[in-house]
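Engineer: One file: upload30.txt (compact mmCIF, N, CA and C atoms).
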# COMPACT_ATOMS: atom_id res chain seq x y z
N MET A 1 -20.79 -113.78 170.68
CA MET A 1 -20.78 -112.35 170.76
C MET A 1 -19.73 -111.76 169.82
N LYS A 2 -18.54 -112.37 169.83
CA LYS A 2 -17.47 -111.86 168.96
C LYS A 2 -17.86 -112.01 167.49
N LEU A 3 -18.55 -113.07 167.16
CA LEU A 3 -18.98 -113.30 165.78
C LEU A 3 -19.97 -112.21 165.35
N HIS A 4 -20.85 -111.80 166.24
CA HIS A 4 -21.81 -110.74 165.97
C HIS A 4 -21.08 -109.42 165.66
N ILE A 5 -20.08 -109.09 166.43
CA ILE A 5 -19.29 -107.87 166.20
C ILE A 5 -18.56 -107.96 164.86
N PHE A 6 -18.01 -109.12 164.56
CA PHE A 6 -17.30 -109.32 163.30
C PHE A 6 -18.24 -109.08 162.12
N TYR A 7 -19.45 -109.69 162.17
CA TYR A 7 -20.41 -109.51 161.08
C TYR A 7 -20.87 -108.06 160.96
N THR A 8 -21.05 -107.41 162.06
CA THR A 8 -21.44 -105.99 162.04
C THR A 8 -20.34 -105.15 161.40
N LEU A 9 -19.12 -105.44 161.73
CA LEU A 9 -17.99 -104.73 161.15
C LEU A 9 -17.91 -104.96 159.64
N ILE A 10 -18.05 -106.18 159.21
CA ILE A 10 -18.00 -106.52 157.78
C ILE A 10 -19.15 -105.83 157.04
N LEU A 11 -20.33 -105.88 157.61
CA LEU A 11 -21.49 -105.24 156.99
C LEU A 11 -21.27 -103.73 156.89
N SER A 12 -20.73 -103.13 157.90
CA SER A 12 -20.44 -101.68 157.89
C SER A 12 -19.44 -101.33 156.79
N ILE A 13 -18.42 -102.11 156.65
CA ILE A 13 -17.40 -101.88 155.62
C ILE A 13 -18.03 -102.00 154.23
N LEU A 14 -18.86 -103.01 154.05
CA LEU A 14 -19.53 -103.18 152.75
C LEU A 14 -20.44 -102.00 152.42
N ILE A 15 -21.19 -101.55 153.39
CA ILE A 15 -22.10 -100.41 153.17
C ILE A 15 -21.30 -99.16 152.82
N ILE A 16 -20.25 -98.91 153.55
CA ILE A 16 -19.42 -97.73 153.29
C ILE A 16 -18.77 -97.82 151.92
N SER A 17 -18.23 -98.97 151.57
CA SER A 17 -17.54 -99.11 150.28
C SER A 17 -18.50 -98.99 149.12
N CYS A 18 -19.75 -99.43 149.29
CA CYS A 18 -20.73 -99.32 148.20
C CYS A 18 -21.13 -97.88 147.96
N ASN A 19 -21.05 -97.06 148.97
CA ASN A 19 -21.46 -95.66 148.84
C ASN A 19 -20.34 -94.76 148.35
N GLN A 20 -19.15 -95.24 148.28
CA GLN A 20 -18.03 -94.41 147.85
C GLN A 20 -17.97 -94.37 146.33
N LEU A 21 -17.51 -93.22 145.83
CA LEU A 21 -17.35 -93.06 144.39
C LEU A 21 -16.06 -93.74 143.95
N SER A 22 -16.08 -94.25 142.74
CA SER A 22 -14.86 -94.84 142.18
C SER A 22 -13.84 -93.72 141.92
N LYS A 23 -12.62 -94.13 141.72
CA LYS A 23 -11.56 -93.17 141.41
C LYS A 23 -11.91 -92.35 140.17
N GLU A 24 -12.45 -93.01 139.16
CA GLU A 24 -12.82 -92.34 137.92
C GLU A 24 -13.94 -91.32 138.16
N GLU A 25 -14.92 -91.72 138.98
CA GLU A 25 -16.02 -90.80 139.29
C GLU A 25 -15.53 -89.59 140.07
N GLN A 26 -14.60 -89.82 140.96
CA GLN A 26 -14.04 -88.71 141.73
C GLN A 26 -13.28 -87.75 140.81
N GLU A 27 -12.49 -88.30 139.89
CA GLU A 27 -11.75 -87.45 138.95
C GLU A 27 -12.71 -86.68 138.05
N PHE A 28 -13.77 -87.34 137.63
CA PHE A 28 -14.79 -86.69 136.82
C PHE A 28 -15.41 -85.53 137.58
N ASP A 29 -15.77 -85.77 138.84
CA ASP A 29 -16.39 -84.73 139.66
C ASP A 29 -15.46 -83.53 139.86
N VAL A 30 -14.18 -83.79 140.05
CA VAL A 30 -13.21 -82.71 140.22
C VAL A 30 -13.11 -81.88 138.94
N LEU A 31 -13.01 -82.56 137.81
CA LEU A 31 -12.91 -81.85 136.54
C LEU A 31 -14.21 -81.09 136.24
N MET A 32 -15.32 -81.70 136.53
CA MET A 32 -16.61 -81.02 136.31
C MET A 32 -16.65 -79.74 137.14
N GLN A 33 -16.20 -79.79 138.37
CA GLN A 33 -16.21 -78.60 139.21
C GLN A 33 -15.28 -77.53 138.65
N GLU A 34 -14.15 -77.94 138.10
CA GLU A 34 -13.23 -76.97 137.49
C GLU A 34 -13.88 -76.28 136.29
N VAL A 35 -14.58 -77.03 135.48
CA VAL A 35 -15.28 -76.46 134.32
C VAL A 35 -16.36 -75.50 134.79
N ILE A 36 -17.14 -75.91 135.77
CA ILE A 36 -18.20 -75.07 136.31
C ILE A 36 -17.61 -73.80 136.94
N ASP A 37 -16.48 -73.93 137.61
CA ASP A 37 -15.84 -72.76 138.22
C ASP A 37 -15.45 -71.72 137.17
N VAL A 38 -14.93 -72.17 136.03
CA VAL A 38 -14.57 -71.23 134.96
C VAL A 38 -15.84 -70.56 134.44
N HIS A 39 -16.87 -71.36 134.22
CA HIS A 39 -18.15 -70.78 133.78
C HIS A 39 -18.63 -69.73 134.78
N ASP A 40 -18.60 -70.08 136.06
CA ASP A 40 -19.08 -69.17 137.11
C ASP A 40 -18.23 -67.90 137.20
N GLU A 41 -16.99 -67.99 136.80
CA GLU A 41 -16.10 -66.83 136.81
C GLU A 41 -16.52 -65.82 135.73
N VAL A 42 -16.89 -66.31 134.56
CA VAL A 42 -17.20 -65.39 133.45
C VAL A 42 -18.68 -65.07 133.30
N MET A 43 -19.54 -65.88 133.86
CA MET A 43 -20.99 -65.64 133.70
C MET A 43 -21.40 -64.25 134.18
N PRO A 44 -20.90 -63.76 135.31
CA PRO A 44 -21.30 -62.43 135.75
C PRO A 44 -20.87 -61.30 134.79
N LYS A 45 -20.00 -61.58 133.87
CA LYS A 45 -19.51 -60.57 132.93
C LYS A 45 -20.44 -60.38 131.74
N MET A 46 -21.47 -61.20 131.64
CA MET A 46 -22.39 -61.11 130.50
C MET A 46 -23.10 -59.75 130.47
N GLY A 47 -23.50 -59.24 131.61
CA GLY A 47 -24.14 -57.93 131.67
C GLY A 47 -23.20 -56.82 131.23
N GLU A 48 -21.97 -56.90 131.68
CA GLU A 48 -20.95 -55.93 131.30
C GLU A 48 -20.72 -55.98 129.79
N MET A 49 -20.75 -57.17 129.24
CA MET A 49 -20.55 -57.31 127.80
C MET A 49 -21.69 -56.63 127.04
N GLY A 50 -22.91 -56.79 127.52
CA GLY A 50 -24.06 -56.13 126.88
C GLY A 50 -23.91 -54.62 126.91
N THR A 51 -23.46 -54.10 128.03
CA THR A 51 -23.23 -52.66 128.16
C THR A 51 -22.16 -52.20 127.19
N LEU A 52 -21.07 -52.94 127.11
CA LEU A 52 -19.98 -52.57 126.20
C LEU A 52 -20.44 -52.62 124.74
N ILE A 53 -21.24 -53.59 124.39
CA ILE A 53 -21.76 -53.68 123.02
C ILE A 53 -22.54 -52.42 122.68
N ASN A 54 -23.36 -51.96 123.62
CA ASN A 54 -24.14 -50.74 123.39
C ASN A 54 -23.25 -49.49 123.32
N GLU A 55 -22.29 -49.37 124.24
CA GLU A 55 -21.40 -48.22 124.27
C GLU A 55 -20.56 -48.14 122.98
N LEU A 56 -20.06 -49.27 122.56
CA LEU A 56 -19.27 -49.30 121.33
C LEU A 56 -20.16 -48.99 120.12
N GLY A 57 -21.37 -49.50 120.12
CA GLY A 57 -22.30 -49.26 119.02
C GLY A 57 -22.59 -47.79 118.81
N ALA A 58 -22.63 -47.05 119.90
CA ALA A 58 -22.91 -45.61 119.81
C ALA A 58 -21.77 -44.84 119.15
N LYS A 59 -20.61 -45.42 119.09
CA LYS A 59 -19.43 -44.73 118.54
C LYS A 59 -19.08 -45.20 117.12
N ILE A 60 -19.83 -46.14 116.61
CA ILE A 60 -19.54 -46.66 115.27
C ILE A 60 -20.01 -45.67 114.21
N ASP A 61 -19.10 -45.39 113.30
CA ASP A 61 -19.44 -44.57 112.12
C ASP A 61 -18.57 -45.04 110.96
N THR A 62 -18.51 -44.27 109.90
CA THR A 62 -17.78 -44.70 108.70
C THR A 62 -16.30 -44.34 108.73
N THR A 63 -15.85 -43.65 109.76
CA THR A 63 -14.43 -43.29 109.85
C THR A 63 -13.60 -44.51 110.25
N ALA A 64 -12.29 -44.33 110.15
CA ALA A 64 -11.38 -45.41 110.56
C ALA A 64 -11.56 -45.71 112.05
N GLN A 65 -11.72 -44.66 112.85
CA GLN A 65 -11.93 -44.86 114.29
C GLN A 65 -13.26 -45.58 114.54
N GLY A 66 -14.26 -45.24 113.76
CA GLY A 66 -15.57 -45.89 113.87
C GLY A 66 -15.48 -47.37 113.56
N LYS A 67 -14.65 -47.71 112.59
CA LYS A 67 -14.46 -49.12 112.24
C LYS A 67 -13.72 -49.87 113.36
N THR A 68 -12.84 -49.16 114.07
CA THR A 68 -12.16 -49.76 115.21
C THR A 68 -13.18 -50.11 116.29
N TYR A 69 -14.14 -49.19 116.52
CA TYR A 69 -15.20 -49.47 117.49
C TYR A 69 -16.06 -50.65 117.01
N ALA A 70 -16.32 -50.70 115.72
CA ALA A 70 -17.13 -51.80 115.17
C ALA A 70 -16.42 -53.14 115.36
N ASN A 71 -15.12 -53.15 115.13
CA ASN A 71 -14.35 -54.39 115.33
C ASN A 71 -14.36 -54.82 116.80
N ALA A 72 -14.19 -53.85 117.69
CA ALA A 72 -14.20 -54.17 119.13
C ALA A 72 -15.58 -54.67 119.54
N GLN A 73 -16.61 -54.03 119.00
CA GLN A 73 -17.98 -54.46 119.31
C GLN A 73 -18.20 -55.90 118.83
N GLN A 74 -17.71 -56.18 117.62
CA GLN A 74 -17.89 -57.54 117.08
C GLN A 74 -17.16 -58.57 117.93
N ASP A 75 -15.99 -58.22 118.44
CA ASP A 75 -15.25 -59.14 119.31
C ASP A 75 -16.05 -59.45 120.58
N VAL A 76 -16.67 -58.42 121.16
CA VAL A 76 -17.47 -58.63 122.37
C VAL A 76 -18.71 -59.47 122.03
N LYS A 77 -19.35 -59.14 120.90
CA LYS A 77 -20.53 -59.92 120.48
C LYS A 77 -20.16 -61.39 120.24
N ASP A 78 -19.03 -61.60 119.60
CA ASP A 78 -18.60 -62.98 119.34
C ASP A 78 -18.37 -63.75 120.65
N ALA A 79 -17.74 -63.08 121.61
CA ALA A 79 -17.50 -63.72 122.91
C ALA A 79 -18.83 -64.00 123.61
N TYR A 80 -19.74 -63.06 123.53
CA TYR A 80 -21.07 -63.25 124.13
C TYR A 80 -21.79 -64.43 123.48
N ASP A 81 -21.77 -64.46 122.16
CA ASP A 81 -22.43 -65.55 121.44
C ASP A 81 -21.77 -66.90 121.73
N TYR A 82 -20.45 -66.89 121.84
CA TYR A 82 -19.72 -68.11 122.15
C TYR A 82 -20.16 -68.65 123.52
N MET A 83 -20.32 -67.74 124.47
CA MET A 83 -20.77 -68.14 125.81
C MET A 83 -22.15 -68.79 125.73
N MET A 84 -23.06 -68.17 125.01
CA MET A 84 -24.41 -68.70 124.90
C MET A 84 -24.41 -70.07 124.21
N THR A 85 -23.62 -70.19 123.17
CA THR A 85 -23.52 -71.47 122.45
C THR A 85 -22.89 -72.53 123.33
N TRP A 86 -21.81 -72.17 124.02
CA TRP A 86 -21.14 -73.13 124.88
C TRP A 86 -22.08 -73.64 125.97
N MET A 87 -22.82 -72.74 126.60
CA MET A 87 -23.73 -73.16 127.66
C MET A 87 -24.79 -74.12 127.13
N SER A 88 -25.32 -73.83 125.96
CA SER A 88 -26.33 -74.70 125.36
C SER A 88 -25.75 -76.06 125.03
N ASP A 89 -24.59 -76.06 124.40
CA ASP A 89 -23.94 -77.33 124.04
C ASP A 89 -23.57 -78.14 125.29
N PHE A 90 -23.08 -77.46 126.30
CA PHE A 90 -22.68 -78.14 127.54
C PHE A 90 -23.89 -78.77 128.20
N SER A 91 -24.99 -78.05 128.23
CA SER A 91 -26.22 -78.58 128.83
C SER A 91 -26.74 -79.79 128.06
N SER A 92 -26.52 -79.80 126.76
CA SER A 92 -26.95 -80.96 125.96
C SER A 92 -26.05 -82.16 126.20
N THR A 93 -24.77 -81.90 126.36
CA THR A 93 -23.81 -82.99 126.56
C THR A 93 -23.89 -83.56 127.97
N PHE A 94 -24.10 -82.68 128.94
CA PHE A 94 -24.15 -83.08 130.35
C PHE A 94 -25.46 -82.58 130.97
N PRO A 95 -26.58 -83.22 130.63
CA PRO A 95 -27.87 -82.77 131.16
C PRO A 95 -27.92 -82.84 132.68
N HIS A 96 -28.46 -81.81 133.29
CA HIS A 96 -28.55 -81.77 134.75
C HIS A 96 -29.42 -82.90 135.29
N SER A 97 -30.40 -83.30 134.52
CA SER A 97 -31.31 -84.36 134.97
C SER A 97 -30.60 -85.71 135.12
N GLU A 98 -29.46 -85.87 134.49
CA GLU A 98 -28.72 -87.13 134.57
C GLU A 98 -27.53 -87.05 135.51
N LYS A 99 -27.47 -85.96 136.28
CA LYS A 99 -26.33 -85.72 137.16
C LYS A 99 -26.08 -86.86 138.13
N ASP A 100 -27.14 -87.43 138.69
CA ASP A 100 -26.99 -88.47 139.70
C ASP A 100 -27.12 -89.88 139.15
N LYS A 101 -27.20 -90.01 137.84
CA LYS A 101 -27.32 -91.31 137.20
C LYS A 101 -26.03 -92.11 137.40
N LYS A 102 -26.16 -93.35 137.78
CA LYS A 102 -25.00 -94.21 138.00
C LYS A 102 -24.48 -94.70 136.65
N LEU A 103 -23.22 -94.44 136.38
CA LEU A 103 -22.61 -94.84 135.11
C LEU A 103 -21.60 -95.96 135.34
N SER A 104 -21.42 -96.76 134.31
CA SER A 104 -20.38 -97.79 134.37
C SER A 104 -19.01 -97.11 134.25
N LYS A 105 -17.99 -97.86 134.54
CA LYS A 105 -16.63 -97.32 134.45
C LYS A 105 -16.35 -96.84 133.03
N GLU A 106 -16.78 -97.59 132.04
CA GLU A 106 -16.56 -97.23 130.64
C GLU A 106 -17.30 -95.94 130.28
N GLU A 107 -18.53 -95.82 130.80
CA GLU A 107 -19.31 -94.61 130.55
C GLU A 107 -18.67 -93.39 131.21
N VAL A 108 -18.15 -93.58 132.41
CA VAL A 108 -17.48 -92.49 133.11
C VAL A 108 -16.25 -92.05 132.32
N LEU A 109 -15.48 -93.01 131.83
CA LEU A 109 -14.28 -92.68 131.05
C LEU A 109 -14.65 -91.97 129.75
N SER A 110 -15.72 -92.39 129.13
CA SER A 110 -16.19 -91.74 127.91
C SER A 110 -16.64 -90.30 128.21
N GLN A 111 -17.38 -90.14 129.29
CA GLN A 111 -17.83 -88.80 129.69
C GLN A 111 -16.63 -87.92 130.08
N MET A 112 -15.63 -88.54 130.66
CA MET A 112 -14.43 -87.81 131.07
C MET A 112 -13.73 -87.21 129.85
N LYS A 113 -13.66 -87.97 128.76
CA LYS A 113 -13.04 -87.46 127.53
C LYS A 113 -13.82 -86.26 127.00
N LEU A 114 -15.13 -86.35 127.04
CA LEU A 114 -15.96 -85.22 126.60
C LEU A 114 -15.75 -84.01 127.51
N LEU A 115 -15.66 -84.27 128.80
CA LEU A 115 -15.48 -83.18 129.76
C LEU A 115 -14.11 -82.51 129.60
N GLU A 116 -13.11 -83.29 129.27
CA GLU A 116 -11.78 -82.71 129.02
C GLU A 116 -11.83 -81.75 127.83
N LYS A 117 -12.60 -82.10 126.81
CA LYS A 117 -12.77 -81.21 125.66
C LYS A 117 -13.52 -79.95 126.07
N GLU A 118 -14.50 -80.11 126.93
CA GLU A 118 -15.26 -78.95 127.42
C GLU A 118 -14.38 -78.03 128.25
N GLU A 119 -13.45 -78.61 128.98
CA GLU A 119 -12.53 -77.80 129.78
C GLU A 119 -11.70 -76.90 128.87
N VAL A 120 -11.22 -77.44 127.76
CA VAL A 120 -10.45 -76.65 126.80
C VAL A 120 -11.33 -75.53 126.24
N LYS A 121 -12.56 -75.87 125.87
CA LYS A 121 -13.47 -74.88 125.30
C LYS A 121 -13.79 -73.76 126.28
N VAL A 122 -14.08 -74.13 127.53
CA VAL A 122 -14.48 -73.11 128.50
C VAL A 122 -13.31 -72.20 128.87
N LYS A 123 -12.10 -72.73 128.85
CA LYS A 123 -10.93 -71.87 129.11
C LYS A 123 -10.68 -70.93 127.94
N LYS A 124 -10.90 -71.42 126.73
CA LYS A 124 -10.81 -70.56 125.54
C LYS A 124 -11.88 -69.47 125.62
N LEU A 125 -13.06 -69.87 126.02
CA LEU A 125 -14.17 -68.93 126.19
C LEU A 125 -13.81 -67.85 127.21
N ARG A 126 -13.29 -68.27 128.35
CA ARG A 126 -12.89 -67.31 129.39
C ARG A 126 -11.88 -66.31 128.84
N ASP A 127 -10.89 -66.80 128.12
CA ASP A 127 -9.87 -65.91 127.56
C ASP A 127 -10.47 -64.95 126.54
N GLN A 128 -11.37 -65.46 125.71
CA GLN A 128 -12.01 -64.62 124.70
C GLN A 128 -12.86 -63.53 125.36
N ILE A 129 -13.59 -63.89 126.37
CA ILE A 129 -14.42 -62.90 127.08
C ILE A 129 -13.54 -61.85 127.73
N ASN A 130 -12.54 -62.29 128.49
CA ASN A 130 -11.68 -61.34 129.20
C ASN A 130 -10.94 -60.42 128.24
N THR A 131 -10.44 -60.97 127.15
CA THR A 131 -9.70 -60.15 126.18
C THR A 131 -10.61 -59.15 125.50
N SER A 132 -11.80 -59.58 125.09
CA SER A 132 -12.70 -58.66 124.39
C SER A 132 -13.16 -57.54 125.33
N ILE A 133 -13.40 -57.84 126.58
CA ILE A 133 -13.79 -56.80 127.55
C ILE A 133 -12.65 -55.83 127.77
N LYS A 134 -11.46 -56.37 127.97
CA LYS A 134 -10.28 -55.52 128.22
C LYS A 134 -10.04 -54.59 127.04
N ASN A 135 -10.06 -55.14 125.82
CA ASN A 135 -9.81 -54.32 124.64
C ASN A 135 -10.89 -53.26 124.45
N ALA A 136 -12.14 -53.63 124.68
CA ALA A 136 -13.24 -52.67 124.54
C ALA A 136 -13.12 -51.55 125.54
N LYS A 137 -12.81 -51.86 126.78
CA LYS A 137 -12.66 -50.84 127.81
C LYS A 137 -11.51 -49.89 127.48
N GLU A 138 -10.39 -50.46 127.06
CA GLU A 138 -9.24 -49.63 126.70
C GLU A 138 -9.58 -48.68 125.56
N LEU A 139 -10.28 -49.18 124.57
CA LEU A 139 -10.67 -48.36 123.43
C LEU A 139 -11.63 -47.25 123.86
N LEU A 140 -12.59 -47.57 124.70
CA LEU A 140 -13.55 -46.57 125.15
C LEU A 140 -12.89 -45.53 126.06
N GLU A 141 -11.88 -45.91 126.81
CA GLU A 141 -11.18 -44.97 127.68
C GLU A 141 -10.39 -43.94 126.88
N LYS A 142 -9.96 -44.33 125.69
CA LYS A 142 -9.18 -43.42 124.84
C LYS A 142 -10.04 -42.33 124.22
N SER A 143 -11.34 -42.58 124.14
CA SER A 143 -12.20 -41.61 123.45
C SER A 143 -12.71 -40.53 124.37
Please go through the file and, once you have read it, give me the structure as C-alpha cells.
Structural biologist:
Amino acid sequence: MKLHIFYTLILSILIISCNQLSKEEQEFDVLMQEVIDVHDEVMPKMGEMGTLINELGAKIDTTAQGKTYANAQQDVKDAYDYMMTWMSDFSSTFPHSEKDKKLSKEEVLSQMKLLEKEEVKVKKLRDQINTSIKNAKELLEKS
C-alpha cells in the first residue's frame, strides 16, 4: 500500500513538473506581456491621432504659422505610421499562430533577444505618439 502511494506521488510530481514553464519561458511571457501592455496603452490613441491630423490639416497654409501646423501634422502622421509599421513587423516576428508552439531553450533565448528589441521599439513608439499628440493639442489650443 505504501509503495502505491509513493508511486502516485512520484507520478504526480512528474506530471506537474512537465506542465510547468521553464524559467526562460516565464521571463519571455512576462516581457511579452509588458510589450503588449505598452501597445494596448497607445492603441486607443489611433483615433485621436486621425482627428488631430485632420484638424491640423485644416489650418495648414503658406504662412509661418501654417508651416507650424504642417510640421505638427507630420509628427502625428509619422507616429501613426510608425505604429502601423511596428504592429505589422511585430506580427511577422511573433506570429499569433505560433504562440503555443513549444520552443527549445535556445529558441526561447533567441526569441527573448528579439523581444527585448521590440520592447525598446514599442517604448519609443509610445513616447513618439504621446509627444506628437501633446504638441498637436497644445498648438491647436493656441489658435
Engineer: When you count all atoms listed in the file, which of these residues is closest to Leu125 in chain A: A:Met83, A:Asp40, A:Ala58, A:Thr63?
Structural biologist: A:Met83
Engineer: Would you please work out which residue, of A:Tyr80, A:Ala64, A:Ser22, A:Pro95, is nearest to Arg126 in chain A when using only C-alpha atoms?
Structural biologist: A:Tyr80
Engineer: Enter the distance from CA of Gly57 in chain A to atom N of Glu141 in chain A, in Å, rounded to one decimal.
Structural biologist: 13.4 Å
Engineer: Please provide the set of residues having any atom within 7 Å of Ile60 in chain A, restricted to all atoms listed in the file, with same-chain residues fewer than 5 positions apart removed, written as a PyMOL selection string.
Structural biologist: chain A and resi 55+65-67+69-70
Engineer: For the atom pair CA of Leu31 in chain A and atom C of Tyr82 in chain A, what is the interatomic distance in Å to one decimal place?
Structural biologist: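 That distance, rounded to one decimal, is 19.9 Å.
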Engineer: Residues near range 89-93 of chain A, anyone? I mean within 12 Å using only C-alpha atoms, not counting same-chain ones fewer than 4 positions away, as a short mmCIF file (atom, residue, chain, number, x, y, z; two decimals) with N, CA and C atoms, in the coordinates of the input.
Structural biologist:
data_model
loop_
_atom_site.label_atom_id
_atom_site.label_comp_id
_atom_site.auth_asym_id
_atom_site.auth_seq_id
_atom_site.Cartn_x
_atom_site.Cartn_y
_atom_site.Cartn_z
N MET A 32 -15.32 -81.70 136.53
CA MET A 32 -16.61 -81.02 136.31
C MET A 32 -16.65 -79.74 137.14
N VAL A 35 -14.58 -77.03 135.48
CA VAL A 35 -15.28 -76.46 134.32
C VAL A 35 -16.36 -75.50 134.79
N ILE A 36 -17.14 -75.91 135.77
CA ILE A 36 -18.20 -75.07 136.31
C ILE A 36 -17.61 -73.80 136.94
N HIS A 39 -16.87 -71.36 134.22
CA HIS A 39 -18.15 -70.78 133.78
C HIS A 39 -18.63 -69.73 134.78
N TYR A 82 -20.45 -66.89 121.84
CA TYR A 82 -19.72 -68.11 122.15
C TYR A 82 -20.16 -68.65 123.52
N MET A 83 -20.32 -67.74 124.47
CA MET A 83 -20.77 -68.14 125.81
C MET A 83 -22.15 -68.79 125.73
N MET A 84 -23.06 -68.17 125.01
CA MET A 84 -24.41 -68.70 124.90
C MET A 84 -24.41 -70.07 124.21
N THR A 85 -23.62 -70.19 123.17
CA THR A 85 -23.52 -71.47 122.45
C THR A 85 -22.89 -72.53 123.33
N SER A 97 -30.40 -83.30 134.52
CA SER A 97 -31.31 -84.36 134.97
C SER A 97 -30.60 -85.71 135.12
N GLU A 98 -29.46 -85.87 134.49
CA GLU A 98 -28.72 -87.13 134.57
C GLU A 98 -27.53 -87.05 135.51
N LYS A 99 -27.47 -85.96 136.28
CA LYS A 99 -26.33 -85.72 137.16
C LYS A 99 -26.08 -86.86 138.13
N SER A 110 -15.72 -92.39 129.13
CA SER A 110 -16.19 -91.74 127.91
C SER A 110 -16.64 -90.30 128.21
N GLN A 111 -17.38 -90.14 129.29
CA GLN A 111 -17.83 -88.80 129.69
C GLN A 111 -16.63 -87.92 130.08
N MET A 112 -15.63 -88.54 130.66
CA MET A 112 -14.43 -87.81 131.07
C MET A 112 -13.73 -87.21 129.85
N LYS A 113 -13.66 -87.97 128.76
CA LYS A 113 -13.04 -87.46 127.53
C LYS A 113 -13.82 -86.26 127.00
N LEU A 114 -15.13 -86.35 127.04
CA LEU A 114 -15.96 -85.22 126.60
C LEU A 114 -15.75 -84.01 127.51
N LEU A 115 -15.66 -84.27 128.80
CA LEU A 115 -15.48 -83.18 129.76
C LEU A 115 -14.11 -82.51 129.60
N GLU A 116 -13.11 -83.29 129.27
CA GLU A 116 -11.78 -82.71 129.02
C GLU A 116 -11.83 -81.75 127.83
N LYS A 117 -12.60 -82.10 126.81
CA LYS A 117 -12.77 -81.21 125.66
C LYS A 117 -13.52 -79.95 126.07
N GLU A 118 -14.50 -80.11 126.93
CA GLU A 118 -15.26 -78.95 127.42
C GLU A 118 -14.38 -78.03 128.25
N GLU A 119 -13.45 -78.61 128.98
CA GLU A 119 -12.53 -77.80 129.78
C GLU A 119 -11.70 -76.90 128.87
N LYS A 121 -12.56 -75.87 125.87
CA LYS A 121 -13.47 -74.88 125.30
C LYS A 121 -13.79 -73.76 126.28
N VAL A 122 -14.08 -74.13 127.53
CA VAL A 122 -14.48 -73.11 128.50
C VAL A 122 -13.31 -72.20 128.87
#
Engineer: Could you work out how far atom C of Val120 in chain A lies from CA of Ser104 in chain A, giving the answer in Å with one decimal?
Structural biologist: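 If I compute the distance from CA of Ser104 in chain A to atom C of Val120 in chain A, I get 25.4 Å.
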Engineer: Assign secondary structure with DSSP using the backbone only, and return the residues of chain A in alpha helix (DSSP H) as a PyMOL selection string.
Structural biologist: chain A and resi 2-19+23-42+46-57+64-93+105-142
